[in-house]
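Student: Can you keep this structure in mind? I'll have questions shortly.
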Amino acid sequence: MLRLKTLTIIFAITVLPSCAIKPWVQSYERGILADPIMAFEQHPASTRFINHVYEAREAARGAEGSAGGGCGCN
Amino acid sequence: MPKAVPGVAVAVISGASIIRAITLLFLAMASAIVNAAVLPEDRTDILYHRYDGGGVVIDGPSVLVRKEFKGTVSIWGNHYADNISGASIDLLARGSTFYREERTEHSAGFDYLNDRTVLSLSYTNSSERDYEANSYAFAVSQEFFGDMTTLTLNYAQGNDEVRQNIYEDQVIVDTIKRGEARHQRFGLGLTQVLTRKWLLSFNAETVVDDGFLNNPYRSVRYSLGDGGIGSQPEIYPTTRNSDAFALRTMYYLPYRAALRLEYRTFLDSWGIEANNYELRYVHPFGDQWIVEAKYRAYSQTQADFYSDLFPFEDAQQFLARDKEMSEFTTNTIGLGLTYELKQSWIPFLDKTTLNLYWDQITFDYKNFRENTPANSEEFGFGNEPFYSFDANIIRFFISMNY
């Protein structure tokens with residue numbers, strides 16, 4: 001059962017995207033996404049500090065996301 | 001009477017599911033068709049941070065340096081310090097008036113780029129007189145599907161030594177070890193390009209703690225039955241598991257500005273449920289100024305074993321009166337200002353910015369009372385007003401890209 005699930009997930013991630021759905025935003029169409037204002041977080045040291053402020057005073061923790069942002073843009 | 005912690009089983013099952021899913025996705029990633037990734041940009045940030053709220057001031061520097069080598073490796077280091085002074089409500093309730101502490105944190109790590117995959121490894125040491133923490137983190141990130149999708153898996157483990165300072169007349173005369181704690185994090189992140197102007201990201205993270213999880217200085221209070229009040233140390237469970245799931249999205253508006261939305265939900269084995277929302281608006285003015293405004297709302301329920309006032313001594317197996325374990329909300333408003341300097345002042349810098357961020361957080365506790373000696377005398381034990389306060393947070397930094 002576990003093997004079947006594993007194969008299904010591998011198939012879904014590797015094969016389906018390449019044959020059923022093609023990437024619809026090409027690299028040359030990502031000028032806007034590469035704008036610094038589109039980074040989820042622009043400043044890692046600053047983000048790390050404010051996340052520490054929240055985590056020290058709130059019970060919730062985890063899933064803060066990466067401090068560097070990222071959009072798949074080159 | 002011992003009180004059950006019903007969230008334990010749920011969170012353990014849920015946590016195991018996430019770990020299994022991460023393992024499966026890791027296997028899938030290993031065989032995925034790879035594309036291109038990039039290393040984080042070279043930069044140095046020199047930051048001053050200050051937190052002022054609830055009678056406590058914490059400030060200090062943070063210096064981050066990151067440099068890429070040969071296009072495949074990026075090395076970074078971070079020095080961070082907290083200088084803590086003041087007297088929080090927890091100290092005032094004990095009759096103490098002032099407290100001073102220092103914490104230094106050093107981190108270092110590297111990212112290795114291979115085709116569309118980035119492997120990251122880092123180490124962090126945090127040191128203060130009564131707490132020592134060492135943690136290691138590993139992450140693998142891969143872009144695929146025409147670089148429209150980025151999948152990241154991360155694991156971190158922290159090993160802490162918890163100590164307690166012994167005071168006499170508010171002077172530390174000794175420090176004793178109270179226990180050890182281990183923290184493990186299993187995370188998964190997925191970032192998706194939806195359109196030419198729209199990004200979506202999903203994060204899930206399970207955190208597993210075991211060991212001495214108490215704050216050794218905190219105590220609970222209980223009724224003596226004759227109108228008087230007693231206190232005893234807190235007793236926490238020695239395990240805690242939590243799951244957090246977050247959705248974030250960035251959208252580029254028709255003019256040059258960006259809207260960022262975030263929602264996170266959280267559940268742990270101590271019975272705490274939490275949610276937070278954030279709305280952020282980023283607006284450039286000209287080619288040198290960027291203004292940012294944000295609003296964040298957070299709420300949480302209390303831990304199963306929390307009470308502001310227990311009915312008698314040893315009222316249950318686990319006991320907490322930590323305000324972080326109570327039911328409360330926080331509301332944050334924030335403003336940020338970034339100014340980009342003209343290039344000419346240092347030749348090898350590509351970009352230099354001056355940044356000022358200010359946040360105000362309002363804490364409103366729903367069942368944690370402000371039990372200062374004066375309040376307890378005026379209102380009576382267990383009838384003091386609920387605690388609330390505002391905290392102001394400043395981040396001022398220079399950021400240099402090269």
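So you can find residues: chains in the structure tokens are A, B, ... in the order shown, residues in each start at 1, and ligands are numbered from 1 in order.
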Would you kindly return, as a list in words, each protein, DNA or RNA residue with an atom no farther than 6 Å from any atom of stretch 365-376 of chain B, considering only C-alpha atoms and excluding same-chain residues fewer than 6 positions away?
Tutor: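 Non-adjacent residues within range: Leu92, Ala93, Asp308, Glu327, Phe328, Glu384, Pro385, Phe386, Tyr387 and Ser388 of chain B.
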Student: Enter the distance from atom CA of A:Glu41 to atom CA of B:Ala274, in Å, rounded to one decimal.
Tutor: 22.4 Å
Student: For the atom pair atom CA of B:Ile89 and atom CA of B:Ala133, what is the interatomic distance in Å to one decimal place?
Tutor: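 So the two atoms, atom CA of B:Ile89 and atom CA of B:Ala133, lie 25.4 Å apart.
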Student: B:Asn159: which residues within 8 Å, counting only C-alpha atoms, same-chain residues fewer than 4 positions away excluded, as an MDAnalysis selection string?
Tutor: chainID B and resid 133:135 180:183
Student: In Å, with one decimal, what is the gap from atom CA of B:Ala204 to atom CA of B:Phe186?
Tutor: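 Computed distance, atom CA of B:Ala204 to atom CA of B:Phe186, equals 8.3 Å.
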Student: Please list as JSON, numbers by chain every residue within 6 Å of stretch 70-83 of chain B, counting only C-alpha atoms and excluding residues in the same chain fewer than 3 positions away.
Tutor: {"B": [58, 59, 60, 61, 62, 63, 64, 65, 66, 67, 102, 103, 104, 105, 106, 107, 108, 109, 110, 111, 112, 113]}
Student: Go through B:Glu340, B:Gly53, B:Gly95, B:Pro233 one by one, measure the shortest atom-to-atom distance of each to B:Phe363 using only C-alpha atoms, and give the residue with the smallest value.
Tutor: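 Under the stated criterion, the closest residue is B:Gly53.
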Student: Using only C-alpha atoms, which residues sit within 8 Å of A:Ala60 once same-chain residues fewer than 2 positions away are excluded, as a list in words?
Tutor: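 My list of contacting residues is Glu55, Glu58 and Gly62 of chain A; Ala244, Phe266, Leu267, Glu273, Ala274 and Gln300 of chain B.
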Student: Include N, CA, C and O atoms and write out the residues we just selected as a short mmCIF file (atom, residue, chain, number, x, y, z; two decimals), in the first residue's frame.
Tutor:
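File result_16.cif, as written:
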```cif
data_model
loop_
_atom_site.label_atom_id
_atom_site.label_comp_id
_atom_site.auth_asym_id
_atom_site.auth_seq_id
_atom_site.Cartn_x
_atom_site.Cartn_y
_atom_site.Cartn_z
N GLU A 55 7.58 34.35 18.00
CA GLU A 55 7.65 33.00 18.55
C GLU A 55 7.93 33.02 20.05
O GLU A 55 7.50 32.13 20.78
N GLU A 58 4.26 34.13 21.55
CA GLU A 58 3.05 33.43 21.14
C GLU A 58 3.33 31.93 21.18
O GLU A 58 4.46 31.50 20.93
N GLY A 62 6.35 27.51 13.86
CA GLY A 62 6.45 26.67 12.66
C GLY A 62 5.78 27.29 11.46
O GLY A 62 4.96 28.20 11.55
N ALA B 244 1.81 23.16 12.13
CA ALA B 244 1.42 24.47 11.62
C ALA B 244 1.34 24.41 10.10
O ALA B 244 2.15 23.74 9.45
N PHE B 266 -2.54 26.66 13.57
CA PHE B 266 -1.60 25.94 14.45
C PHE B 266 -2.40 25.12 15.45
O PHE B 266 -3.45 25.54 15.94
N LEU B 267 -1.88 23.93 15.75
CA LEU B 267 -2.51 23.06 16.75
C LEU B 267 -1.41 22.30 17.45
O LEU B 267 -0.48 21.80 16.81
N GLU B 273 -4.79 26.01 20.19
CA GLU B 273 -5.09 26.24 18.78
C GLU B 273 -4.85 27.72 18.51
O GLU B 273 -5.22 28.57 19.32
N ALA B 274 -4.23 28.01 17.38
CA ALA B 274 -3.93 29.41 17.08
C ALA B 274 -4.11 29.67 15.59
O ALA B 274 -3.97 28.77 14.76
N GLN B 300 -5.05 32.85 20.07
CA GLN B 300 -4.80 31.47 20.49
C GLN B 300 -5.69 31.11 21.67
O GLN B 300 -6.12 31.99 22.44
#
```
Student: Counting only C-alpha atoms, which of B:Arg280, B:Arg260, B:Arg185, B:Arg218 gets nearest to B:Glu324?
Tutor: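 Closest to B:Glu324 of all the choices is B:Arg218.
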